[in-house]
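File shown: protein00.txt. Contents: compact mmCIF, C-alpha atoms.
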# COMPACT_ATOMS: atom_id res chain seq x y z
CA MET G 1 -97.75 118.53 -25.76
CA LYS G 2 -98.66 120.72 -22.83
CA PHE G 3 -100.77 119.35 -20.04
CA SER G 4 -101.96 121.67 -17.31
CA THR G 5 -102.15 120.35 -13.74
CA LEU G 6 -101.55 121.79 -10.28
CA GLY G 7 -101.70 125.25 -11.80
CA ILE G 8 -98.67 124.75 -14.07
CA LYS G 9 -98.01 123.41 -17.56
CA LEU G 10 -95.92 120.28 -18.02
CA GLU G 11 -94.10 119.27 -21.18
CA ILE G 12 -95.04 115.60 -20.94
CA SER G 13 -96.67 112.90 -23.01
CA LEU G 14 -98.45 110.85 -20.37
CA ILE G 15 -100.06 111.49 -17.02
CA TYR G 16 -101.43 108.82 -14.74
CA ASN G 17 -103.15 110.17 -11.68
CA LEU G 18 -104.37 107.84 -8.93
CA GLU G 19 -106.57 110.52 -7.40
CA TYR G 20 -108.70 110.77 -10.53
CA GLY G 21 -107.68 107.48 -12.11
CA TYR G 22 -107.00 108.21 -15.75
CA TYR G 23 -104.41 107.86 -18.47
CA PHE G 24 -103.67 110.68 -20.87
CA ASN G 25 -101.63 110.04 -23.99
CA SER G 26 -101.08 112.96 -26.34
CA ASN G 27 -100.55 110.68 -29.33
CA ARG G 28 -103.71 108.70 -28.56
CA LYS G 29 -101.74 105.48 -28.92
CA GLN G 30 -102.20 102.52 -26.64
CA THR G 31 -99.47 102.25 -24.03
CA THR G 32 -98.44 98.63 -23.52
CA PHE G 33 -96.42 96.65 -21.02
CA ASN G 34 -93.82 94.33 -22.45
CA VAL G 35 -93.99 91.44 -20.00
CA ASN G 36 -91.13 89.54 -21.62
CA SER G 37 -88.72 92.42 -21.19
CA MET G 38 -89.62 93.34 -17.61
CA LYS G 39 -86.48 94.03 -15.60
CA GLU G 40 -86.15 92.51 -12.18
CA ASN G 41 -83.04 94.36 -11.07
CA SER G 42 -84.01 97.43 -9.08
CA ALA G 43 -82.50 99.55 -6.31
CA LEU G 44 -84.21 101.33 -3.44
CA VAL G 45 -82.45 104.36 -1.94
CA PHE G 46 -83.44 105.59 1.54
CA LEU G 47 -82.60 109.29 1.71
CA PRO G 48 -83.09 111.62 4.71
CA SER G 49 -83.33 115.39 4.36
CA SER G 50 -80.62 116.08 6.93
CA PRO G 51 -78.42 114.31 9.49
CA VAL G 52 -80.46 111.93 11.60
CA PHE G 53 -78.26 111.32 14.66
CA ASN G 54 -75.53 113.97 14.74
CA LEU G 55 -77.62 117.04 14.14
CA LYS G 56 -76.66 120.68 14.34
CA GLU G 57 -78.95 123.43 15.54
CA GLU G 58 -79.83 124.41 11.97
CA ASN G 59 -81.06 120.85 11.35
CA CYS G 60 -83.45 120.85 14.29
CA PHE G 61 -87.07 120.19 13.58
CA GLN G 62 -89.16 123.31 14.07
CA GLU G 63 -89.57 124.09 17.79
CA MET G 64 -87.75 120.89 18.88
CA ASN G 65 -84.39 120.30 20.50
CA LEU G 66 -81.64 118.10 19.06
CA GLU G 67 -82.57 115.00 21.06
CA TYR G 68 -86.21 114.86 20.04
CA THR G 69 -85.52 115.87 16.46
CA SER G 70 -83.23 112.87 16.25
CA ILE G 71 -85.86 110.59 17.80
CA LEU G 72 -88.43 111.83 15.28
CA PHE G 73 -86.17 111.48 12.22
CA SER G 74 -84.69 108.14 13.26
CA ALA G 75 -88.13 106.67 14.04
CA LEU G 76 -89.41 107.61 10.59
CA TYR G 77 -86.28 106.19 8.94
CA MET G 78 -86.49 102.99 11.01
CA ASN G 79 -90.13 102.62 10.07
CA TYR G 80 -89.27 102.19 6.40
CA ILE G 81 -86.46 99.79 7.25
CA GLU G 82 -89.00 97.62 9.06
CA ILE G 83 -91.52 97.89 6.21
CA ILE G 84 -88.98 96.70 3.63
CA SER G 85 -87.28 94.16 5.93
CA GLY G 86 -87.60 90.58 4.73
CA GLU G 87 -88.71 91.56 1.23
CA ASN G 88 -86.43 90.47 -1.59
CA SER G 89 -87.90 92.16 -4.64
CA PHE G 90 -85.22 94.87 -4.63
CA THR G 91 -81.82 93.75 -5.87
CA LYS G 92 -80.12 96.33 -3.66
CA ILE G 93 -81.15 98.65 -0.83
CA TYR G 94 -79.01 101.71 -0.13
CA HIS G 95 -79.39 103.18 3.36
CA VAL G 96 -78.00 106.67 2.86
CA PHE G 97 -77.04 108.97 5.73
CA ASP G 98 -75.37 112.34 5.92
CA ASN G 99 -71.60 112.36 6.45
CA ASN G 100 -72.17 113.94 9.86
CA ASP G 101 -73.90 110.76 11.03
CA GLU G 102 -70.84 108.58 10.52
CA SER G 103 -69.78 107.01 13.85
CA TYR G 104 -72.95 108.32 15.49
CA ILE G 105 -75.48 105.70 14.43
CA PRO G 106 -76.41 103.52 17.45
CA GLU G 107 -75.62 99.83 17.23
CA SER G 108 -79.29 99.03 17.79
CA PHE G 109 -80.17 101.01 14.65
CA LEU G 110 -77.35 99.48 12.59
CA ASN G 111 -78.65 96.03 13.51
CA LYS G 112 -81.91 96.96 11.78
CA LEU G 113 -80.03 97.26 8.50
CA GLY G 114 -79.21 93.54 8.47
CA LYS G 115 -76.66 92.78 5.76
CA ASN G 116 -77.00 96.25 4.23
CA GLU G 117 -74.25 98.71 5.08
CA PRO G 118 -74.90 102.44 5.54
CA TYR G 119 -73.72 104.84 2.84
CA PHE G 120 -72.48 108.24 3.97
CA LEU G 121 -72.80 111.22 1.64
CA ASN G 122 -72.89 114.97 1.82
CA ILE G 123 -76.62 114.81 1.15
CA SER G 124 -77.01 118.59 0.91
CA ASN G 125 -74.50 118.75 -1.95
CA GLU G 126 -76.32 117.52 -5.03
CA GLU G 127 -73.65 118.38 -7.60
CA GLU G 128 -70.63 116.81 -5.91
CA SER G 129 -72.20 114.03 -3.85
CA LEU G 130 -75.77 112.98 -4.64
CA ILE G 131 -75.62 113.13 -8.42
CA PRO G 132 -72.38 111.08 -8.74
CA PHE G 133 -73.78 108.54 -6.28
CA LEU G 134 -77.06 108.15 -8.17
CA GLU G 135 -75.25 107.97 -11.49
CA LYS G 136 -73.27 104.99 -10.18
CA VAL G 137 -76.46 103.36 -8.90
CA SER G 138 -78.23 103.89 -12.22
CA ASP G 139 -75.29 102.31 -14.05
CA LYS G 140 -75.94 99.10 -12.13
CA PHE G 141 -79.70 98.97 -11.88
CA SER G 142 -82.52 99.50 -14.34
CA ASN G 143 -85.17 100.85 -11.99
CA ILE G 144 -84.31 103.26 -9.17
CA TYR G 145 -86.56 104.26 -6.27
CA ILE G 146 -85.63 107.17 -3.98
CA LEU G 147 -87.67 107.26 -0.79
CA LYS G 148 -87.47 110.38 1.37
CA THR G 149 -87.37 109.05 4.91
CA ASN G 150 -88.94 112.15 6.48
CA SER G 151 -92.34 110.79 5.55
CA ILE G 152 -94.86 108.10 6.39
CA GLY G 153 -97.66 106.21 4.68
CA PHE G 154 -95.90 104.09 2.06
CA SER G 155 -96.23 100.33 2.10
CA TYR G 156 -93.92 97.81 0.47
CA GLN G 157 -96.71 96.75 -1.88
CA GLU G 158 -97.24 100.32 -3.08
CA ILE G 159 -93.55 101.00 -3.67
CA LYS G 160 -92.91 97.74 -5.47
CA GLY G 161 -96.14 98.14 -7.41
CA TYR G 162 -94.66 101.09 -9.25
CA SER G 163 -92.47 98.62 -11.17
CA ASN G 164 -95.47 98.04 -13.44
CA PHE G 165 -95.12 101.64 -14.65
CA LEU G 166 -91.33 101.62 -14.81
CA ASN G 167 -91.42 98.58 -17.07
CA ILE G 168 -93.39 100.38 -19.74
CA GLU G 169 -91.16 100.75 -22.77
CA ASN G 170 -90.70 104.48 -22.27
CA ASP G 171 -88.60 106.89 -20.22
CA ILE G 172 -90.63 106.96 -16.99
CA LEU G 173 -90.60 109.24 -13.95
CA ILE G 174 -92.92 108.50 -11.02
CA LEU G 175 -93.50 111.14 -8.35
CA CYS G 176 -95.48 110.65 -5.15
CA LYS G 177 -96.89 113.85 -3.74
CA SER G 178 -97.83 114.23 -0.08
CA VAL G 179 -100.96 115.87 1.27
CA SER G 180 -98.79 118.86 2.17
CA GLU G 181 -97.65 119.25 -1.44
CA ARG G 182 -94.15 117.77 -1.22
CA ILE G 183 -92.58 114.96 -3.20
CA ASN G 184 -91.84 111.92 -1.00
CA LEU G 185 -90.82 109.29 -3.53
CA TYR G 186 -89.12 109.38 -6.91
CA ALA G 187 -88.91 106.36 -9.20
CA PHE G 188 -87.38 106.24 -12.65
CA ASN G 189 -85.87 103.93 -15.24
CA ASN G 190 -83.47 106.50 -16.69
CA PHE G 191 -81.61 108.83 -14.35
CA SER G 192 -81.20 112.50 -15.17
CA PRO G 193 -79.46 114.94 -12.76
CA ALA G 194 -82.33 117.36 -13.28
CA ILE G 195 -84.57 114.96 -11.37
CA ILE G 196 -82.92 115.84 -8.07
CA THR G 197 -82.25 119.55 -8.61
CA ASP G 198 -82.96 121.31 -5.29
CA PHE G 199 -85.06 118.38 -4.14
CA GLN G 200 -83.36 118.22 -0.73
CA SER G 201 -84.73 121.61 0.24
CA PRO G 202 -87.45 121.27 2.92
CA ASP G 203 -89.12 124.35 1.42
CA LEU G 204 -89.42 122.87 -2.07
CA ASP G 205 -93.10 122.30 -2.79
CA ALA G 206 -94.45 120.02 -5.49
CA ASP G 207 -95.53 122.85 -7.81
CA THR G 208 -92.06 124.39 -7.81
CA TYR G 209 -90.40 121.03 -8.32
CA LEU G 210 -92.69 120.17 -11.23
CA LYS G 211 -91.87 123.50 -12.85
CA ASN G 212 -88.17 122.67 -12.51
CA ILE G 213 -88.48 119.32 -14.28
CA CYS G 214 -91.25 120.09 -16.78
CA THR G 215 -88.86 120.21 -19.75
CA LEU G 216 -87.61 116.64 -19.22
CA ASP G 217 -88.55 114.28 -22.02
CA LYS G 218 -90.22 111.74 -19.76
CA TYR G 219 -93.55 110.09 -19.19
CA LEU G 220 -94.73 111.34 -15.81
CA PHE G 221 -96.87 109.40 -13.33
CA LEU G 222 -98.13 111.52 -10.44
CA MET G 223 -99.36 109.73 -7.31
CA ARG G 224 -100.99 111.33 -4.27
CA GLY G 225 -101.91 110.75 -0.66
CA PHE G 226 -98.81 110.28 1.50
CA TYR G 227 -97.44 112.33 4.40
CA SER G 228 -94.31 114.48 4.58
CA VAL G 229 -92.85 115.39 7.97
CA GLU G 230 -90.86 118.56 7.34
CA ASN G 231 -92.46 121.29 9.47
CA LEU G 232 -94.75 121.97 12.41
CA ASN G 233 -97.95 121.60 10.39
CA ASP G 234 -96.71 118.22 9.14
CA PHE G 235 -95.96 117.23 12.74
CA LYS G 236 -99.55 118.06 13.74
CA THR G 237 -100.84 116.09 10.76
CA LEU G 238 -98.62 113.14 11.73
CA TYR G 239 -100.17 113.13 15.20
CA LYS G 240 -103.71 113.18 13.81
CA VAL G 241 -102.96 110.51 11.19
CA LEU G 242 -101.42 108.08 13.69
CA SER G 243 -104.31 108.65 16.09
CA LEU G 244 -106.71 107.06 13.62
CA LYS G 245 -107.29 103.32 13.89
CA GLU G 246 -107.28 102.82 10.11
CA ASN G 247 -103.68 104.06 9.99
CA TYR G 248 -102.24 101.66 12.59
CA SER G 249 -100.62 99.74 9.73
CA PHE G 250 -98.40 102.75 8.95
CA CYS G 251 -95.88 101.66 11.58
CA SER G 252 -95.10 99.04 14.20
CA MET G 253 -95.89 99.45 17.88
CA GLU G 254 -92.19 100.13 18.54
CA ILE G 255 -92.18 103.03 16.09
CA HIS G 256 -95.55 104.24 17.34
CA ASN G 257 -94.21 104.36 20.90
CA LEU G 258 -91.13 106.34 19.83
CA LEU G 259 -93.28 108.87 18.04
CA THR G 260 -95.72 108.99 20.95
CA ASN G 261 -92.84 110.02 23.22
CA VAL G 262 -92.18 112.97 20.91
CA PHE G 263 -95.89 113.86 20.84
CA ILE G 264 -96.02 113.83 24.66
CA GLU G 265 -92.87 115.95 25.01
CA TYR G 266 -94.24 118.52 22.58
CA LYS G 267 -97.93 118.24 23.33
CA ASP G 268 -98.24 122.03 23.48
CA LEU G 269 -97.29 122.22 19.81
CA LEU G 270 -100.19 119.97 18.92
CA LYS G 271 -102.84 122.37 20.17
Here is the file; what I need is its structure written in the form of structure tokens.
Amino acid sequence: MKFSTLGIKLEISLIYNLEYGYYFNSNRKQTTFNVNSMKENSALVFLPSSPVFNLKEENCFQEMNLEYTSILFSALYMNYIEIISGENSFTKIYHVFDNNDESYIPESFLNKLGKNEPYFLNISNEEESLIPFLEKVSDKFSNIYILKTNSIGFSYQEIKGYSNFLNIENDILILCKSVSERINLYAFNNFSPAIITDFQSPDLDADTYLKNICTLDKYLFLMRGFYSVENLNDFKTLYKVLSLKENYSFCSMEIHNLLTNVFIEYKDLLK
């Protein structure tokens, strides 16, 4: 069937939208959860959009120098490490970095990974690097979560809660869309290379991505309300979001202080 949302038509059978809170099933059949067959083995992949520590000029955040771009990106990445730290619901956590970061990650950051080792890939090369990596991961684990680390606002409970949808007896794809119309998190129980086509591009908006994947034979769950940090407008939004008391739970005081240093250095950009 065709379901129209976000101004485009999707070839999908099911939409679940947290913003409006409804299920839509084209066959009008009840969708059930098979509790007895729920799969516990799942993998979480942390994936940045670019090098985090050994950046080149072309990787610099808009209007920032290399040093503060690295502080911004590493603080956001570290934030998710802290959020997931100590939780054991994921069978495996993959901390992915760009090849250019190898030998450049500070010891203090590596210590945050605990027993998990970093994985170095050419993250901008989907065909030769990302797709083979994710194919190997999907061979080992039933449910895969890809979290874009240039973002903020996810909690462990929210991420793990998506397992309820992945354990439906269907081919499921979950997408989490930010307030700036970018996809921050992908979760699926059957990997297809088309899922990650062009998804590393910082200019790829949610509408374009959904058009790219609309022919996939999957049940789609679309979630909303998180925050991408990919451009200057996102940076301004990040400042406003973290200034609100109700969002203090988004990050620890250590992370908040790191980000505050970036805000102070580039206070003129926040006007």
Could you pull the residues within 10 Å of Asn212 in chain G, counting all atoms listed in the file, minus those fewer than 6 positions along the same chain, as a PDB file with C-alpha atoms, in the coordinates of the input?
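Output file out_3.pdb is given in full below:
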ATOM      1  CA  LEU G  10     -95.920 120.280 -18.020  1.00  0.00           C
ATOM      2  CA  ALA G 194     -82.330 117.360 -13.280  1.00  0.00           C
ATOM      3  CA  ILE G 195     -84.570 114.960 -11.370  1.00  0.00           C
ATOM      4  CA  ILE G 196     -82.920 115.840  -8.070  1.00  0.00           C
ATOM      5  CA  THR G 197     -82.250 119.550  -8.610  1.00  0.00           C
ATOM      6  CA  ASP G 198     -82.960 121.310  -5.290  1.00  0.00           C
ATOM      7  CA  PHE G 199     -85.060 118.380  -4.140  1.00  0.00           C
ATOM      8  CA  ALA G 206     -94.450 120.020  -5.490  1.00  0.00           C
TER       9      ALA G 206
END
> How many Å lie between CA of Ser89 in chain G and CA of Ser142 in chain G, rounded to one decimal?
Replying inline: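 Value for the CA of Ser89 in chain G-CA of Ser142 in chain G distance: 13.3 Å.
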> Can you tell me how far CA of Lys140 in chain G sits from CA of Phe191 in chain G, in Å to one decimal?
Replying inline: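 Computing the Euclidean distance for CA of Lys140 in chain G and CA of Phe191 in chain G yields 11.5 Å.
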Per residue of range 83-173 of chain G within 9 Å of range 62-77 of chain G, which atom pair is closest and at what distance in Å (one decimal), using all atoms listed in the file, listed by chain and increasing number, as CSV?
residue,atom,partner,partner_atom,distance
G:Phe109,CA,G:Ser74,CA,8.6
G:Lys148,CA,G:Tyr77,CA,8.7
G:Thr149,CA,G:Tyr77,CA,5.1
G:Asn150,CA,G:Leu76,CA,6.1
G:Ser151,CA,G:Leu76,CA,6.6
G:Ile152,CA,G:Leu76,CA,6.9
>> Ranking G:Asn231, G:Asn79, G:Thr215, G:Ser42 by minimum distance to Tyr162 in chain G and counting all atoms listed in the file, which one comes first?
In response: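 The shortest atom-to-atom distance to Tyr162 in chain G comes from G:Ser42.
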>> Give me, as a ChimeraX atom specification, all polymer residues having an atom no more than 12 Å from Ser201 in chain G, counting all atoms listed in the file and skipping those fewer than 3 positions away in the same chain.
In response: /G:48-50,59,123-126,148,182-183,196-198,204-206,208-209,230
Could those selected residues go to a file with C-alpha atoms, as a PDB file, in the coordinates of the input?
ATOM      1  CA  PRO G  48     -83.090 111.620   4.710  1.00  0.00           C
ATOM      2  CA  SER G  49     -83.330 115.390   4.360  1.00  0.00           C
ATOM      3  CA  SER G  50     -80.620 116.080   6.930  1.00  0.00           C
ATOM      4  CA  ASN G  59     -81.060 120.850  11.350  1.00  0.00           C
ATOM      5  CA  ILE G 123     -76.620 114.810   1.150  1.00  0.00           C
ATOM      6  CA  SER G 124     -77.010 118.590   0.910  1.00  0.00           C
ATOM      7  CA  ASN G 125     -74.500 118.750  -1.950  1.00  0.00           C
ATOM      8  CA  GLU G 126     -76.320 117.520  -5.030  1.00  0.00           C
ATOM      9  CA  LYS G 148     -87.470 110.380   1.370  1.00  0.00           C
ATOM     10  CA  ARG G 182     -94.150 117.770  -1.220  1.00  0.00           C
ATOM     11  CA  ILE G 183     -92.580 114.960  -3.200  1.00  0.00           C
ATOM     12  CA  ILE G 196     -82.920 115.840  -8.070  1.00  0.00           C
ATOM     13  CA  THR G 197     -82.250 119.550  -8.610  1.00  0.00           C
ATOM     14  CA  ASP G 198     -82.960 121.310  -5.290  1.00  0.00           C
ATOM     15  CA  LEU G 204     -89.420 122.870  -2.070  1.00  0.00           C
ATOM     16  CA  ASP G 205     -93.100 122.300  -2.790  1.00  0.00           C
ATOM     17  CA  ALA G 206     -94.450 120.020  -5.490  1.00  0.00           C
ATOM     18  CA  THR G 208     -92.060 124.390  -7.810  1.00  0.00           C
ATOM     19  CA  TYR G 209     -90.400 121.030  -8.320  1.00  0.00           C
ATOM     20  CA  GLU G 230     -90.860 118.560   7.340  1.00  0.00           C
TER      21      GLU G 230
END
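Among the candidate residues G:Tyr104, G:Phe263, G:Tyr94, G:Tyr145, the one lying nearest to Phe53 in chain G is G:Tyr104, with distances computed using only C-alpha atoms.
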Could I get the residues of range 124-231 of chain G with an atom no further than 9 Å from an atom of range 247-253 of chain G, each paired with its nearest atom pair and that distance in Å to one decimal, using only C-alpha atoms, sorted by chain and residue number, as a tab-separated table?
residue	atom	partner	partner_atom	distance
G:Ile152	CA	G:Phe250	CA	6.9
G:Gly153	CA	G:Phe250	CA	5.5
G:Phe154	CA	G:Phe250	CA	7.5
G:Ser155	CA	G:Phe250	CA	7.6
> Within 10 Å of Leu270 in chain G, counting only C-alpha atoms, which residues qualify if same-chain residues fewer than 2 places away don't, as a list in words?
Replying inline: Leu232, Asn233, Phe235, Lys236, Thr237, Tyr239, Lys240, Phe263, Ile264, Tyr266, Lys267 and Asp268 of chain G
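Our summary of the geometry notes that CA of Gln157 in chain G is positioned 21.4 Å from CA of Leu238 in chain G.
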>> Between G:Ser228, G:Ser163, G:Ser138, G:Asn99, which residue has the minimum interatomic distance to Glu181 in chain G, considering only C-alpha atoms?
In response: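 Among G:Ser228, G:Ser163, G:Ser138, G:Asn99, it is G:Ser228 that comes nearest to Glu181 in chain G.
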>> Measuring between all atoms listed in the file, which one of G:Gln200, G:Leu166, G:Ser192, G:Asn88 shows the shortest distance to Pro132 in chain G?
In response: G:Ser192
